[in-house]
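Participant: File final.pdb below, PDB, C-alpha atoms, pLDDT in the B column:
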```pdb
ATOM      1  CA  MET K   1       0.000   0.000   0.000  1.00 59.00           C
ATOM      2  CA  SER K   2       2.856   2.420   0.794  1.00 67.00           C
ATOM      3  CA  GLU K   3       4.264   1.975  -2.732  1.00 72.00           C
ATOM      4  CA  ILE K   4       0.883   2.834  -4.251  1.00 71.00           C
ATOM      5  CA  ILE K   5       0.629   5.987  -2.151  1.00 73.00           C
ATOM      6  CA  ARG K   6       4.188   7.045  -2.990  1.00 81.00           C
ATOM      7  CA  ASN K   7       3.529   6.557  -6.708  1.00 73.00           C
ATOM      8  CA  ILE K   8       0.428   8.753  -6.789  1.00 73.00           C
ATOM      9  CA  PRO K   9       2.232  12.138  -7.155  1.00 76.00           C
ATOM     10  CA  PRO K  10       4.600  11.058  -9.995  1.00 73.00           C
ATOM     11  CA  VAL K  11       1.826   9.231 -11.861  1.00 72.00           C
ATOM     12  CA  LEU K  12      -0.400  12.300 -11.623  1.00 74.00           C
ATOM     13  CA  ARG K  13       2.477  14.404 -12.949  1.00 73.00           C
ATOM     14  CA  ILE K  14       2.974  12.045 -15.905  1.00 74.00           C
ATOM     15  CA  TYR K  15      -0.725  12.317 -16.780  1.00 71.00           C
ATOM     16  CA  HIS K  16      -0.651  16.066 -16.235  1.00 72.00           C
ATOM     17  CA  ASP K  17       2.138  16.394 -18.781  1.00 72.00           C
ATOM     18  CA  LEU K  18       0.155  14.419 -21.345  1.00 72.00           C
ATOM     19  CA  LYS K  19      -2.420  17.216 -21.281  1.00 70.00           C
ATOM     20  CA  TYR K  20       0.166  19.576 -22.755  1.00 66.00           C
ATOM     21  CA  LEU K  21       0.090  17.455 -25.911  1.00 77.00           C
ATOM     22  CA  LYS K  22      -3.381  18.821 -26.693  1.00 76.00           C
ATOM     23  CA  GLU K  23      -1.748  21.654 -28.631  1.00 80.00           C
ATOM     24  CA  TYR K  24      -0.299  19.038 -31.008  1.00 91.00           C
ATOM     25  CA  LYS K  25      -3.433  16.854 -31.098  1.00 91.00           C
ATOM     26  CA  HIS K  26      -5.373  19.319 -33.236  1.00 90.00           C
ATOM     27  CA  ASN K  27      -2.667  19.596 -35.878  1.00 93.00           C
ATOM     28  CA  ILE K  28      -1.898  15.864 -35.936  1.00 94.00           C
ATOM     29  CA  ASP K  29      -5.578  15.050 -36.473  1.00 94.00           C
ATOM     30  CA  LYS K  30      -6.006  17.854 -39.011  1.00 95.00           C
ATOM     31  CA  TYR K  31      -3.082  16.790 -41.167  1.00 96.00           C
ATOM     32  CA  ARG K  32      -4.016  13.108 -40.909  1.00 95.00           C
ATOM     33  CA  GLU K  33      -7.538  13.819 -42.117  1.00 96.00           C
ATOM     34  CA  SER K  34      -6.232  15.917 -45.022  1.00 97.00           C
ATOM     35  CA  GLY K  35      -3.641  13.309 -45.997  1.00 96.00           C
ATOM     36  CA  ASP K  36      -0.721  15.667 -45.344  1.00 98.00           C
ATOM     37  CA  MET K  37       1.631  13.051 -43.881  1.00 97.00           C
ATOM     38  CA  ILE K  38       4.681  15.318 -43.972  1.00 97.00           C
ATOM     39  CA  ASN K  39       3.158  17.817 -41.556  1.00 97.00           C
ATOM     40  CA  GLU K  40       1.538  15.017 -39.564  1.00 97.00           C
ATOM     41  CA  ARG K  41       4.975  13.467 -38.992  1.00 97.00           C
ATOM     42  CA  LYS K  42       6.445  16.862 -38.071  1.00 97.00           C
ATOM     43  CA  ASN K  43       3.806  17.465 -35.421  1.00 96.00           C
ATOM     44  CA  ILE K  44       4.163  13.941 -34.021  1.00 96.00           C
ATOM     45  CA  LEU K  45       7.910  14.482 -33.706  1.00 97.00           C
ATOM     46  CA  ASP K  46       7.407  17.842 -31.977  1.00 95.00           C
ATOM     47  CA  ALA K  47       4.941  16.220 -29.561  1.00 94.00           C
ATOM     48  CA  THR K  48       7.183  13.294 -28.610  1.00 94.00           C
ATOM     49  CA  ILE K  49      10.238  15.515 -28.127  1.00 95.00           C
ATOM     50  CA  SER K  50       8.214  17.854 -25.902  1.00 92.00           C
ATOM     51  CA  TRP K  51       6.718  15.050 -23.795  1.00 91.00           C
ATOM     52  CA  GLY K  52       9.908  13.030 -23.417  1.00 93.00           C
ATOM     53  CA  GLY K  53      12.129  16.029 -22.772  1.00 93.00           C
ATOM     54  CA  ASN K  54       9.803  17.365 -20.111  1.00 91.00           C
ATOM     55  CA  LEU K  55       9.692  14.043 -18.235  1.00 91.00           C
ATOM     56  CA  VAL K  56      13.498  13.836 -18.309  1.00 94.00           C
ATOM     57  CA  LYS K  57      13.504  17.214 -16.531  1.00 93.00           C
ATOM     58  CA  VAL K  58      10.656  16.331 -14.132  1.00 90.00           C
ATOM     59  CA  PHE K  59      12.432  13.162 -12.989  1.00 93.00           C
ATOM     60  CA  ASP K  60      15.822  14.906 -12.978  1.00 95.00           C
ATOM     61  CA  VAL K  61      17.368  12.160 -15.126  1.00 97.00           C
ATOM     62  CA  ASP K  62      21.142  12.381 -15.542  1.00 97.00           C
ATOM     63  CA  LEU K  63      21.097  11.465 -19.244  1.00 98.00           C
ATOM     64  CA  THR K  64      24.207  10.590 -21.253  1.00 98.00           C
ATOM     65  CA  VAL K  65      23.835  10.191 -25.033  1.00 98.00           C
ATOM     66  CA  ILE K  66      26.525   8.502 -27.132  1.00 98.00           C
ATOM     67  CA  GLY K  67      26.396   8.302 -30.938  1.00 98.00           C
ATOM     68  CA  LYS K  68      24.019  11.167 -31.612  1.00 97.00           C
ATOM     69  CA  GLU K  69      25.750  11.588 -34.986  1.00 98.00           C
ATOM     70  CA  ASN K  70      24.150   8.272 -36.024  1.00 98.00           C
ATOM     71  CA  LEU K  71      20.616   9.646 -35.896  1.00 98.00           C
ATOM     72  CA  PRO K  72      18.933   9.517 -39.319  1.00 97.00           C
ATOM     73  CA  THR K  73      18.346  12.711 -41.253  1.00 95.00           C
ATOM     74  CA  GLU K  74      15.218  11.277 -42.860  1.00 95.00           C
ATOM     75  CA  GLY K  75      12.860   8.335 -42.496  1.00 94.00           C
ATOM     76  CA  PRO K  76      11.378   5.892 -42.530  1.00 98.00           C
ATOM     77  CA  VAL K  77      13.590   3.768 -40.305  1.00 98.00           C
ATOM     78  CA  VAL K  78      13.063   1.058 -37.702  1.00 98.00           C
ATOM     79  CA  TYR K  79      14.665   1.705 -34.324  1.00 98.00           C
ATOM     80  CA  VAL K  80      15.462  -1.449 -32.337  1.00 98.00           C
ATOM     81  CA  SER K  81      16.193  -1.185 -28.604  1.00 98.00           C
ATOM     82  CA  ASN K  82      16.678  -3.354 -25.544  1.00 97.00           C
ATOM     83  CA  HIS K  83      13.940  -2.812 -22.972  1.00 96.00           C
ATOM     84  CA  GLN K  84      14.657  -2.283 -19.271  1.00 96.00           C
ATOM     85  CA  GLY K  85      11.691  -0.346 -17.944  1.00 93.00           C
ATOM     86  CA  TYR K  86       8.736   1.960 -18.432  1.00 90.00           C
ATOM     87  CA  ALA K  87      11.094   4.938 -18.648  1.00 94.00           C
ATOM     88  CA  ASP K  88      12.588   3.665 -21.932  1.00 96.00           C
ATOM     89  CA  ILE K  89       9.685   5.235 -23.833  1.00 93.00           C
ATOM     90  CA  PRO K  90      10.021   8.872 -22.650  1.00 93.00           C
ATOM     91  CA  ILE K  91      13.844   8.632 -22.744  1.00 97.00           C
ATOM     92  CA  TRP K  92      13.826   7.627 -26.396  1.00 97.00           C
ATOM     93  CA  CYS K  93      11.186  10.269 -27.151  1.00 96.00           C
ATOM     94  CA  ALA K  94      13.585  12.871 -25.764  1.00 97.00           C
ATOM     95  CA  VAL K  95      16.695  11.536 -27.520  1.00 98.00           C
ATOM     96  CA  LEU K  96      15.437  10.533 -30.989  1.00 98.00           C
ATOM     97  CA  ASP K  97      14.700  14.020 -32.225  1.00 98.00           C
ATOM     98  CA  THR K  98      15.284  13.899 -35.998  1.00 98.00           C
ATOM     99  CA  VAL K  99      12.442  11.799 -37.482  1.00 98.00           C
ATOM    100  CA  GLN K 100       8.957  10.934 -36.285  1.00 97.00           C
ATOM    101  CA  PHE K 101       8.411   7.501 -34.771  1.00 97.00           C
ATOM    102  CA  GLY K 102       5.728   5.499 -33.025  1.00 96.00           C
ATOM    103  CA  PHE K 103       6.049   2.241 -31.105  1.00 95.00           C
ATOM    104  CA  LEU K 104       5.262  -1.407 -31.643  1.00 93.00           C
ATOM    105  CA  ALA K 105       3.507  -1.591 -28.287  1.00 85.00           C
ATOM    106  CA  LYS K 106       1.589  -4.117 -26.217  1.00 83.00           C
ATOM    107  CA  ASN K 107      -2.143  -4.065 -26.796  1.00 80.00           C
ATOM    108  CA  ASN K 108      -2.911  -3.653 -23.081  1.00 75.00           C
ATOM    109  CA  LEU K 109      -1.694  -0.041 -23.297  1.00 72.00           C
ATOM    110  CA  ASN K 110      -4.968   0.670 -25.115  1.00 70.00           C
ATOM    111  CA  SER K 111      -6.753   0.487 -21.777  1.00 68.00           C
ATOM    112  CA  VAL K 112      -4.544   3.076 -20.050  1.00 69.00           C
ATOM    113  CA  PRO K 113      -6.555   6.331 -19.832  1.00 66.00           C
ATOM    114  CA  THR K 114      -5.195   9.196 -21.957  1.00 69.00           C
ATOM    115  CA  TYR K 115      -1.865   7.458 -22.561  1.00 75.00           C
ATOM    116  CA  GLY K 116      -3.476   4.750 -24.700  1.00 79.00           C
ATOM    117  CA  LYS K 117      -5.023   7.376 -26.975  1.00 83.00           C
ATOM    118  CA  TRP K 118      -1.763   9.326 -27.144  1.00 86.00           C
ATOM    119  CA  ILE K 119       0.378   6.344 -28.137  1.00 88.00           C
ATOM    120  CA  ARG K 120      -2.089   5.438 -30.891  1.00 89.00           C
ATOM    121  CA  ARG K 121      -2.203   9.021 -32.112  1.00 91.00           C
ATOM    122  CA  ILE K 122       1.539   9.061 -32.812  1.00 94.00           C
ATOM    123  CA  ARG K 123       1.098   6.158 -35.268  1.00 94.00           C
ATOM    124  CA  SER K 124       2.036   3.311 -32.953  1.00 95.00           C
ATOM    125  CA  VAL K 125       0.970  -0.265 -33.708  1.00 93.00           C
ATOM    126  CA  MET K 126      -0.641  -2.263 -30.918  1.00 90.00           C
ATOM    127  CA  ILE K 127       0.307  -5.945 -30.784  1.00 87.00           C
ATOM    128  CA  GLU K 128      -1.131  -8.966 -28.960  1.00 80.00           C
ATOM    129  CA  ARG K 129       2.066 -10.967 -28.471  1.00 72.00           C
ATOM    130  CA  ASP K 130       0.354 -14.090 -27.099  1.00 72.00           C
ATOM    131  CA  GLU K 131      -1.832 -14.457 -30.191  1.00 77.00           C
ATOM    132  CA  PRO K 132       0.391 -15.398 -33.186  1.00 78.00           C
ATOM    133  CA  ARG K 133      -2.196 -14.515 -35.837  1.00 84.00           C
ATOM    134  CA  GLU K 134      -2.908 -11.140 -34.257  1.00 83.00           C
ATOM    135  CA  ALA K 135       0.824 -10.494 -33.904  1.00 85.00           C
ATOM    136  CA  LEU K 136       1.301 -11.144 -37.624  1.00 88.00           C
ATOM    137  CA  LYS K 137      -1.530  -8.733 -38.417  1.00 91.00           C
ATOM    138  CA  ALA K 138       0.168  -6.087 -36.257  1.00 91.00           C
ATOM    139  CA  ILE K 139       3.469  -6.554 -38.070  1.00 93.00           C
ATOM    140  CA  SER K 140       1.599  -6.193 -41.366  1.00 95.00           C
ATOM    141  CA  ARG K 141      -0.007  -2.940 -40.162  1.00 95.00           C
ATOM    142  CA  GLY K 142       3.429  -1.694 -39.130  1.00 96.00           C
ATOM    143  CA  ILE K 143       4.850  -2.463 -42.571  1.00 97.00           C
ATOM    144  CA  ASP K 144       1.981  -0.511 -44.148  1.00 97.00           C
ATOM    145  CA  LEU K 145       2.819   2.482 -41.945  1.00 97.00           C
ATOM    146  CA  ILE K 146       6.497   2.303 -42.861  1.00 97.00           C
ATOM    147  CA  ASN K 147       5.609   2.157 -46.557  1.00 97.00           C
ATOM    148  CA  GLU K 148       3.669   5.402 -45.965  1.00 97.00           C
ATOM    149  CA  GLY K 149       6.807   7.042 -44.536  1.00 97.00           C
ATOM    150  CA  PHE K 150       6.285   6.566 -40.791  1.00 98.00           C
ATOM    151  CA  SER K 151       9.053   5.202 -38.558  1.00 98.00           C
ATOM    152  CA  LEU K 152       8.661   2.758 -35.668  1.00 98.00           C
ATOM    153  CA  LEU K 153      10.591   1.726 -32.563  1.00 98.00           C
ATOM    154  CA  VAL K 154      10.430  -1.895 -31.451  1.00 97.00           C
ATOM    155  CA  PHE K 155      11.572  -3.699 -28.286  1.00 95.00           C
ATOM    156  CA  PRO K 156      12.214  -7.274 -29.546  1.00 94.00           C
ATOM    157  CA  GLU K 157      12.615  -8.689 -26.028  1.00 92.00           C
ATOM    158  CA  GLY K 158       8.848  -8.319 -25.836  1.00 84.00           C
ATOM    159  CA  THR K 159       8.837  -7.340 -22.166  1.00 84.00           C
ATOM    160  CA  ARG K 160      10.838  -5.247 -19.708  1.00 88.00           C
ATOM    161  CA  ALA K 161      14.049  -6.838 -18.445  1.00 88.00           C
ATOM    162  CA  ARG K 162      13.561  -4.911 -15.158  1.00 88.00           C
ATOM    163  CA  GLY K 163      17.331  -5.019 -14.690  1.00 89.00           C
ATOM    164  CA  PRO K 164      20.710  -4.995 -16.455  1.00 91.00           C
ATOM    165  CA  VAL K 165      20.458  -8.469 -18.044  1.00 93.00           C
ATOM    166  CA  MET K 166      19.119  -8.447 -21.616  1.00 95.00           C
ATOM    167  CA  GLY K 167      16.586 -11.051 -22.668  1.00 93.00           C
ATOM    168  CA  GLU K 168      16.539 -12.858 -25.997  1.00 92.00           C
ATOM    169  CA  PHE K 169      15.021 -11.158 -29.018  1.00 93.00           C
ATOM    170  CA  LYS K 170      11.797 -12.686 -30.254  1.00 87.00           C
ATOM    171  CA  LYS K 171      11.715 -13.605 -33.930  1.00 84.00           C
ATOM    172  CA  GLY K 172       9.683 -11.673 -36.465  1.00 87.00           C
ATOM    173  CA  ALA K 173       9.931  -8.070 -35.272  1.00 91.00           C
ATOM    174  CA  LEU K 174      12.685  -7.181 -37.755  1.00 95.00           C
ATOM    175  CA  LYS K 175      10.330  -7.940 -40.646  1.00 94.00           C
ATOM    176  CA  LEU K 176       9.159  -4.393 -40.021  1.00 96.00           C
ATOM    177  CA  ALA K 177      12.435  -3.333 -41.646  1.00 97.00           C
ATOM    178  CA  THR K 178      13.293  -6.200 -44.006  1.00 96.00           C
ATOM    179  CA  LYS K 179       9.951  -6.340 -45.826  1.00 96.00           C
ATOM    180  CA  PRO K 180       9.895  -2.637 -46.821  1.00 97.00           C
ATOM    181  CA  GLU K 181      13.740  -2.637 -46.977  1.00 97.00           C
ATOM    182  CA  VAL K 182      14.306   0.328 -44.680  1.00 98.00           C
ATOM    183  CA  PRO K 183      17.340   0.882 -42.418  1.00 98.00           C
ATOM    184  CA  ILE K 184      17.539  -0.497 -38.897  1.00 98.00           C
ATOM    185  CA  ILE K 185      19.080   1.702 -36.222  1.00 98.00           C
ATOM    186  CA  PRO K 186      20.148  -0.346 -33.166  1.00 98.00           C
ATOM    187  CA  LEU K 187      19.821   1.374 -29.792  1.00 98.00           C
ATOM    188  CA  SER K 188      21.296   0.450 -26.404  1.00 98.00           C
ATOM    189  CA  ILE K 189      19.921   1.761 -23.117  1.00 98.00           C
ATOM    190  CA  GLU K 190      21.088   1.246 -19.548  1.00 98.00           C
ATOM    191  CA  GLY K 191      19.745   2.451 -16.207  1.00 97.00           C
ATOM    192  CA  THR K 192      16.048   3.078 -16.784  1.00 97.00           C
ATOM    193  CA  TYR K 193      15.029   0.241 -14.455  1.00 96.00           C
ATOM    194  CA  HIS K 194      16.413   2.320 -11.562  1.00 96.00           C
ATOM    195  CA  ILE K 195      13.622   4.855 -12.157  1.00 95.00           C
ATOM    196  CA  TYR K 196      10.765   2.458 -11.354  1.00 92.00           C
ATOM    197  CA  GLU K 197      11.305  -1.301 -11.665  1.00 92.00           C
ATOM    198  CA  GLU K 198      14.101  -1.560  -9.088  1.00 91.00           C
ATOM    199  CA  THR K 199      11.917  -0.439  -6.174  1.00 89.00           C
ATOM    200  CA  GLY K 200       8.373  -0.308  -7.551  1.00 90.00           C
ATOM    201  CA  VAL K 201       8.330   3.437  -6.833  1.00 89.00           C
ATOM    202  CA  PHE K 202       9.041   6.209  -9.365  1.00 90.00           C
ATOM    203  CA  THR K 203      12.345   7.778  -8.301  1.00 92.00           C
ATOM    204  CA  LYS K 204      14.081  10.991  -9.344  1.00 94.00           C
ATOM    205  CA  GLY K 205      17.744  11.731  -9.974  1.00 95.00           C
ATOM    206  CA  LYS K 206      18.796   8.461 -11.599  1.00 96.00           C
ATOM    207  CA  SER K 207      21.514   8.075 -14.240  1.00 97.00           C
ATOM    208  CA  VAL K 208      20.574   6.743 -17.687  1.00 98.00           C
ATOM    209  CA  LYS K 209      22.966   6.130 -20.563  1.00 98.00           C
ATOM    210  CA  VAL K 210      22.021   5.473 -24.188  1.00 98.00           C
ATOM    211  CA  MET K 211      23.981   4.602 -27.314  1.00 98.00           C
ATOM    212  CA  ILE K 212      22.822   5.124 -30.907  1.00 98.00           C
ATOM    213  CA  HIS K 213      24.568   2.757 -33.316  1.00 98.00           C
ATOM    214  CA  PRO K 214      25.221   3.219 -37.062  1.00 98.00           C
ATOM    215  CA  GLN K 215      22.325   2.155 -39.234  1.00 97.00           C
ATOM    216  CA  ILE K 216      22.129  -1.261 -40.859  1.00 97.00           C
ATOM    217  CA  GLU K 217      20.882  -1.383 -44.447  1.00 96.00           C
ATOM    218  CA  THR K 218      18.326  -4.074 -45.290  1.00 97.00           C
ATOM    219  CA  LYS K 219      18.019  -3.612 -49.060  1.00 95.00           C
ATOM    220  CA  GLY K 220      18.716  -6.703 -51.108  1.00 92.00           C
ATOM    221  CA  LEU K 221      19.204  -9.138 -48.232  1.00 92.00           C
ATOM    222  CA  ASP K 222      18.921 -12.788 -49.223  1.00 90.00           C
ATOM    223  CA  ARG K 223      17.178 -15.329 -46.966  1.00 87.00           C
ATOM    224  CA  LYS K 224      20.387 -16.396 -45.253  1.00 89.00           C
ATOM    225  CA  GLN K 225      21.360 -12.805 -44.466  1.00 91.00           C
ATOM    226  CA  GLU K 226      17.859 -12.080 -43.219  1.00 90.00           C
ATOM    227  CA  LYS K 227      17.995 -15.065 -40.848  1.00 89.00           C
ATOM    228  CA  LEU K 228      21.328 -13.842 -39.438  1.00 94.00           C
ATOM    229  CA  LEU K 229      20.047 -10.298 -38.984  1.00 96.00           C
ATOM    230  CA  ASN K 230      18.307 -10.920 -35.659  1.00 95.00           C
ATOM    231  CA  ASP K 231      21.537 -12.145 -34.045  1.00 95.00           C
ATOM    232  CA  GLU K 232      23.558  -9.351 -35.653  1.00 97.00           C
ATOM    233  CA  VAL K 233      21.291  -6.643 -34.255  1.00 98.00           C
ATOM    234  CA  TYR K 234      21.122  -8.346 -30.857  1.00 97.00           C
ATOM    235  CA  ASN K 235      24.914  -8.536 -30.625  1.00 97.00           C
ATOM    236  CA  ILE K 236      25.353  -4.871 -31.559  1.00 98.00           C
ATOM    237  CA  ILE K 237      22.822  -3.762 -28.945  1.00 98.00           C
ATOM    238  CA  LYS K 238      24.237  -6.060 -26.263  1.00 98.00           C
ATOM    239  CA  GLU K 239      27.819  -4.954 -26.907  1.00 98.00           C
ATOM    240  CA  GLY K 240      26.699  -1.329 -26.619  1.00 98.00           C
ATOM    241  CA  HIS K 241      24.706  -2.080 -23.488  1.00 98.00           C
ATOM    242  CA  ASP K 242      27.693  -3.833 -21.893  1.00 97.00           C
ATOM    243  CA  LYS K 243      29.845  -0.753 -22.566  1.00 97.00           C
ATOM    244  CA  LEU K 244      27.226   1.509 -20.995  1.00 97.00           C
ATOM    245  CA  LEU K 245      26.969  -0.819 -17.998  1.00 95.00           C
ATOM    246  CA  GLU K 246      30.738  -0.703 -17.543  1.00 94.00           C
ATOM    247  CA  MET K 247      30.665   3.098 -17.715  1.00 94.00           C
ATOM    248  CA  SER K 248      28.057   3.125 -14.946  1.00 86.00           C
ATOM    249  CA  LYS K 249      30.211   1.220 -12.475  1.00 77.00           C
TER     250      LYS K 249
END
```
What do you get writing this file as structure tokens?
Facilitator:
Amino acid sequence: MSEIIRNIPPVLRIYHDLKYLKEYKHNIDKYRESGDMINERKNILDATISWGGNLVKVFDVDLTVIGKENLPTEGPVVYVSNHQGYADIPIWCAVLDTVQFGFLAKNNLNSVPTYGKWIRRIRSVMIERDEPREALKAISRGIDLINEGFSLLVFPEGTRARGPVMGEFKKGALKLATKPEVPIIPLSIEGTYHIYEETGVFTKGKSVKVMIHPQIETKGLDRKQEKLLNDEVYNIIKEGHDKLLEMSK
């Protein structure tokens, strides 16, 4: 019960900050309805940067960014990241500030008041991981979005590690990049689990380190190369994560 009580103020603040995205909601909806995807993407990017950057300040995160020069200058791309905690989402929103992106996100986020609507509005794809057919449909919807010029970020572990040990990557997520033949940008993140998962209470003043790796081209891959891609991306992210973990000691 004490953890619930202690989490009330930070959770209220997170929801309070979502209200500031109303100024972007009108434009995002307007440009979507008119078919102006360029301005829709611009307003989504502005919204995610604003939301993520503000939460980094609110929680007084000591954020270190390595490899910012590897950010894409244009999309679409597929970002692929390890997944430690809830804070991964606002951290990446703050850091990835060059092209619009949504998330391949668990379907249960739909039921979260306000946040569920917001994550759908930024062109995220909701996935039911325990239902293979539904998961395939979600991947297909994501590919359609990418073909329209929208970028996505995926956490192939499928769930939060809640600590410094990376889980295995589930198969299939990288089809988001290989089918439409768009670049993959591997991302490593370390320290976000200290913000919530470590204690079950949202905590300020924690150190988070991220690394943005050079992009991997997916054009013209044969079947053998495509099969090896999952391990290649995993190894890049893990090597980067291990370096960040060593820096944190």
Participant: The PyMOL selection byres ((chain K and resi 77) around 8) - which residues does that actually catch in the file I just gave you? List them as a PyMOL selection string.
Facilitator: chain K and resi 72+75-76+78-79+146+150-152+177+182-185
Participant: In Å, how far is it from CA of Lys19 (chain K) to CA of Ile89 (chain K)?
Facilitator: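 Result for CA of Lys19 (chain K) versus CA of Ile89 (chain K): 17.2 Å, one decimal.
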Participant: Let me make sure I understand: among K:Arg13, K:Lys224, K:Lys22, K:Arg6, which one has the smallest atom-to-atom distance to Leu55 (chain K) if we use only C-alpha atoms?
Facilitator: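 Among K:Arg13, K:Lys224, K:Lys22, K:Arg6, it is K:Arg13 that comes nearest to Leu55 (chain K).
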Participant: Which residues of region 80-114 of chain K sit at most 9 Å from region 27-43 of chain K, using all atoms listed in the file? Give each one's shortest atom pair and distance in Å (one decimal place), in chain and ascending residue order, as CSV.
Facilitator:
```
residue,atom,partner,partner_atom,distance
K:Val99,CA,K:Arg41,CA,7.8
K:Gln100,CA,K:Arg41,CA,5.4
K:Phe101,CA,K:Arg41,CA,8.1
```
Participant: Output C-alpha atoms of each residue in that selection to a file, as an mmCIF file, in the frame of the given file.
Facilitator:
```cif
data_model
loop_
_atom_site.group_PDB
_atom_site.id
_atom_site.type_symbol
_atom_site.label_atom_id
_atom_site.label_comp_id
_atom_site.auth_asym_id
_atom_site.auth_seq_id
_atom_site.Cartn_x
_atom_site.Cartn_y
_atom_site.Cartn_z
ATOM 1 C CA VAL K 99 12.442 11.799 -37.482
ATOM 2 C CA GLN K 100 8.957 10.934 -36.285
ATOM 3 C CA PHE K 101 8.411 7.501 -34.771
#
```
Participant: Please report the interatomic distance between CA of Ala94 (chain K) and CA of Lys25 (chain K) in Å with one decimal.
Facilitator: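 These two atoms are separated by 18.3 Å.
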Participant: For the PyMOL selection byres ((chain K and resi 176) around 8), applied here, can you spell out every residue it catches as a CSV table (one decimal) with C-alpha atoms, in the coordinates of the input?
Facilitator:
```
chain,number,residue,atom,x,y,z
K,78,VAL,CA,13.1,1.1,-37.7
K,139,ILE,CA,3.5,-6.6,-38.1
K,140,SER,CA,1.6,-6.2,-41.4
K,142,GLY,CA,3.4,-1.7,-39.1
K,143,ILE,CA,4.8,-2.5,-42.6
K,146,ILE,CA,6.5,2.3,-42.9
K,173,ALA,CA,9.9,-8.1,-35.3
K,174,LEU,CA,12.7,-7.2,-37.8
K,175,LYS,CA,10.3,-7.9,-40.6
K,177,ALA,CA,12.4,-3.3,-41.6
K,178,THR,CA,13.3,-6.2,-44.0
K,179,LYS,CA,10.0,-6.3,-45.8
K,180,PRO,CA,9.9,-2.6,-46.8
```
Participant: Got a sec: who's within 6 Å of region 189-192 of chain K, counting only C-alpha atoms, leaving out chain neighbours fewer than 3 positions off, as an mmCIF file with C-alpha atoms, keeping the file's coordinate frame?
Facilitator:
```
data_model
loop_
_atom_site.group_PDB
_atom_site.id
_atom_site.type_symbol
_atom_site.label_atom_id
_atom_site.label_comp_id
_atom_site.auth_asym_id
_atom_site.auth_seq_id
_atom_site.Cartn_x
_atom_site.Cartn_y
_atom_site.Cartn_z
ATOM 1 C CA GLY K 85 11.691 -0.346 -17.944
ATOM 2 C CA ALA K 87 11.094 4.938 -18.648
ATOM 3 C CA ILE K 195 13.622 4.855 -12.157
ATOM 4 C CA VAL K 208 20.574 6.743 -17.687
ATOM 5 C CA LYS K 209 22.966 6.130 -20.563
ATOM 6 C CA VAL K 210 22.021 5.473 -24.188
#
```
Participant: Mind filling out region 154-164 of chain K with N, CA, C and O atoms and sending it as a PDB file, in the frame of the given file?
Facilitator:
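Output file rebuild.pdb follows:
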```
ATOM      1  N   VAL K 154      10.872  -0.595 -31.950  1.00 97.00           N
ATOM      2  CA  VAL K 154      10.430  -1.895 -31.451  1.00 97.00           C
ATOM      3  C   VAL K 154      11.377  -2.384 -30.364  1.00 97.00           C
ATOM      4  O   VAL K 154      12.584  -2.155 -30.421  1.00 97.00           O
ATOM      5  N   PHE K 155      10.802  -3.046 -29.349  1.00 95.00           N
ATOM      6  CA  PHE K 155      11.572  -3.699 -28.286  1.00 95.00           C
ATOM      7  C   PHE K 155      11.439  -5.213 -28.496  1.00 95.00           C
ATOM      8  O   PHE K 155      10.471  -5.823 -28.015  1.00 95.00           O
ATOM      9  N   PRO K 156      12.385  -5.858 -29.191  1.00 94.00           N
ATOM     10  CA  PRO K 156      12.214  -7.274 -29.546  1.00 94.00           C
ATOM     11  C   PRO K 156      12.248  -8.245 -28.372  1.00 94.00           C
ATOM     12  O   PRO K 156      11.879  -9.412 -28.544  1.00 94.00           O
ATOM     13  N   GLU K 157      12.693  -7.800 -27.192  1.00 92.00           N
ATOM     14  CA  GLU K 157      12.615  -8.689 -26.028  1.00 92.00           C
ATOM     15  C   GLU K 157      11.159  -8.996 -25.673  1.00 92.00           C
ATOM     16  O   GLU K 157      10.866 -10.012 -25.035  1.00 92.00           O
ATOM     17  N   GLY K 158      10.270  -8.082 -26.048  1.00 84.00           N
ATOM     18  CA  GLY K 158       8.848  -8.319 -25.836  1.00 84.00           C
ATOM     19  C   GLY K 158       8.337  -7.917 -24.470  1.00 84.00           C
ATOM     20  O   GLY K 158       7.133  -7.764 -24.278  1.00 84.00           O
ATOM     21  N   THR K 159       9.224  -7.750 -23.510  1.00 84.00           N
ATOM     22  CA  THR K 159       8.837  -7.340 -22.166  1.00 84.00           C
ATOM     23  C   THR K 159      10.017  -6.659 -21.503  1.00 84.00           C
ATOM     24  O   THR K 159      11.158  -6.763 -21.969  1.00 84.00           O
ATOM     25  N   ARG K 160       9.761  -5.959 -20.409  1.00 88.00           N
ATOM     26  CA  ARG K 160      10.838  -5.247 -19.708  1.00 88.00           C
ATOM     27  C   ARG K 160      11.773  -6.232 -19.009  1.00 88.00           C
ATOM     28  O   ARG K 160      11.327  -7.157 -18.331  1.00 88.00           O
ATOM     29  N   ALA K 161      13.071  -5.998 -19.142  1.00 88.00           N
ATOM     30  CA  ALA K 161      14.049  -6.838 -18.445  1.00 88.00           C
ATOM     31  C   ALA K 161      14.039  -6.556 -16.947  1.00 88.00           C
ATOM     32  O   ALA K 161      14.411  -7.409 -16.150  1.00 88.00           O
ATOM     33  N   ARG K 162      13.646  -5.338 -16.562  1.00 88.00           N
ATOM     34  CA  ARG K 162      13.561  -4.911 -15.158  1.00 88.00           C
ATOM     35  C   ARG K 162      14.925  -4.963 -14.451  1.00 88.00           C
ATOM     36  O   ARG K 162      15.003  -5.035 -13.227  1.00 88.00           O
ATOM     37  N   GLY K 163      15.987  -4.965 -15.248  1.00 89.00           N
ATOM     38  CA  GLY K 163      17.331  -5.019 -14.690  1.00 89.00           C
ATOM     39  C   GLY K 163      18.361  -4.946 -15.800  1.00 89.00           C
ATOM     40  O   GLY K 163      18.024  -4.721 -16.967  1.00 89.00           O
ATOM     41  N   PRO K 164      19.642  -5.174 -15.479  1.00 91.00           N
ATOM     42  CA  PRO K 164      20.710  -4.995 -16.455  1.00 91.00           C
ATOM     43  C   PRO K 164      20.956  -6.172 -17.389  1.00 91.00           C
ATOM     44  O   PRO K 164      21.821  -6.088 -18.261  1.00 91.00           O
TER      45      PRO K 164
END
```
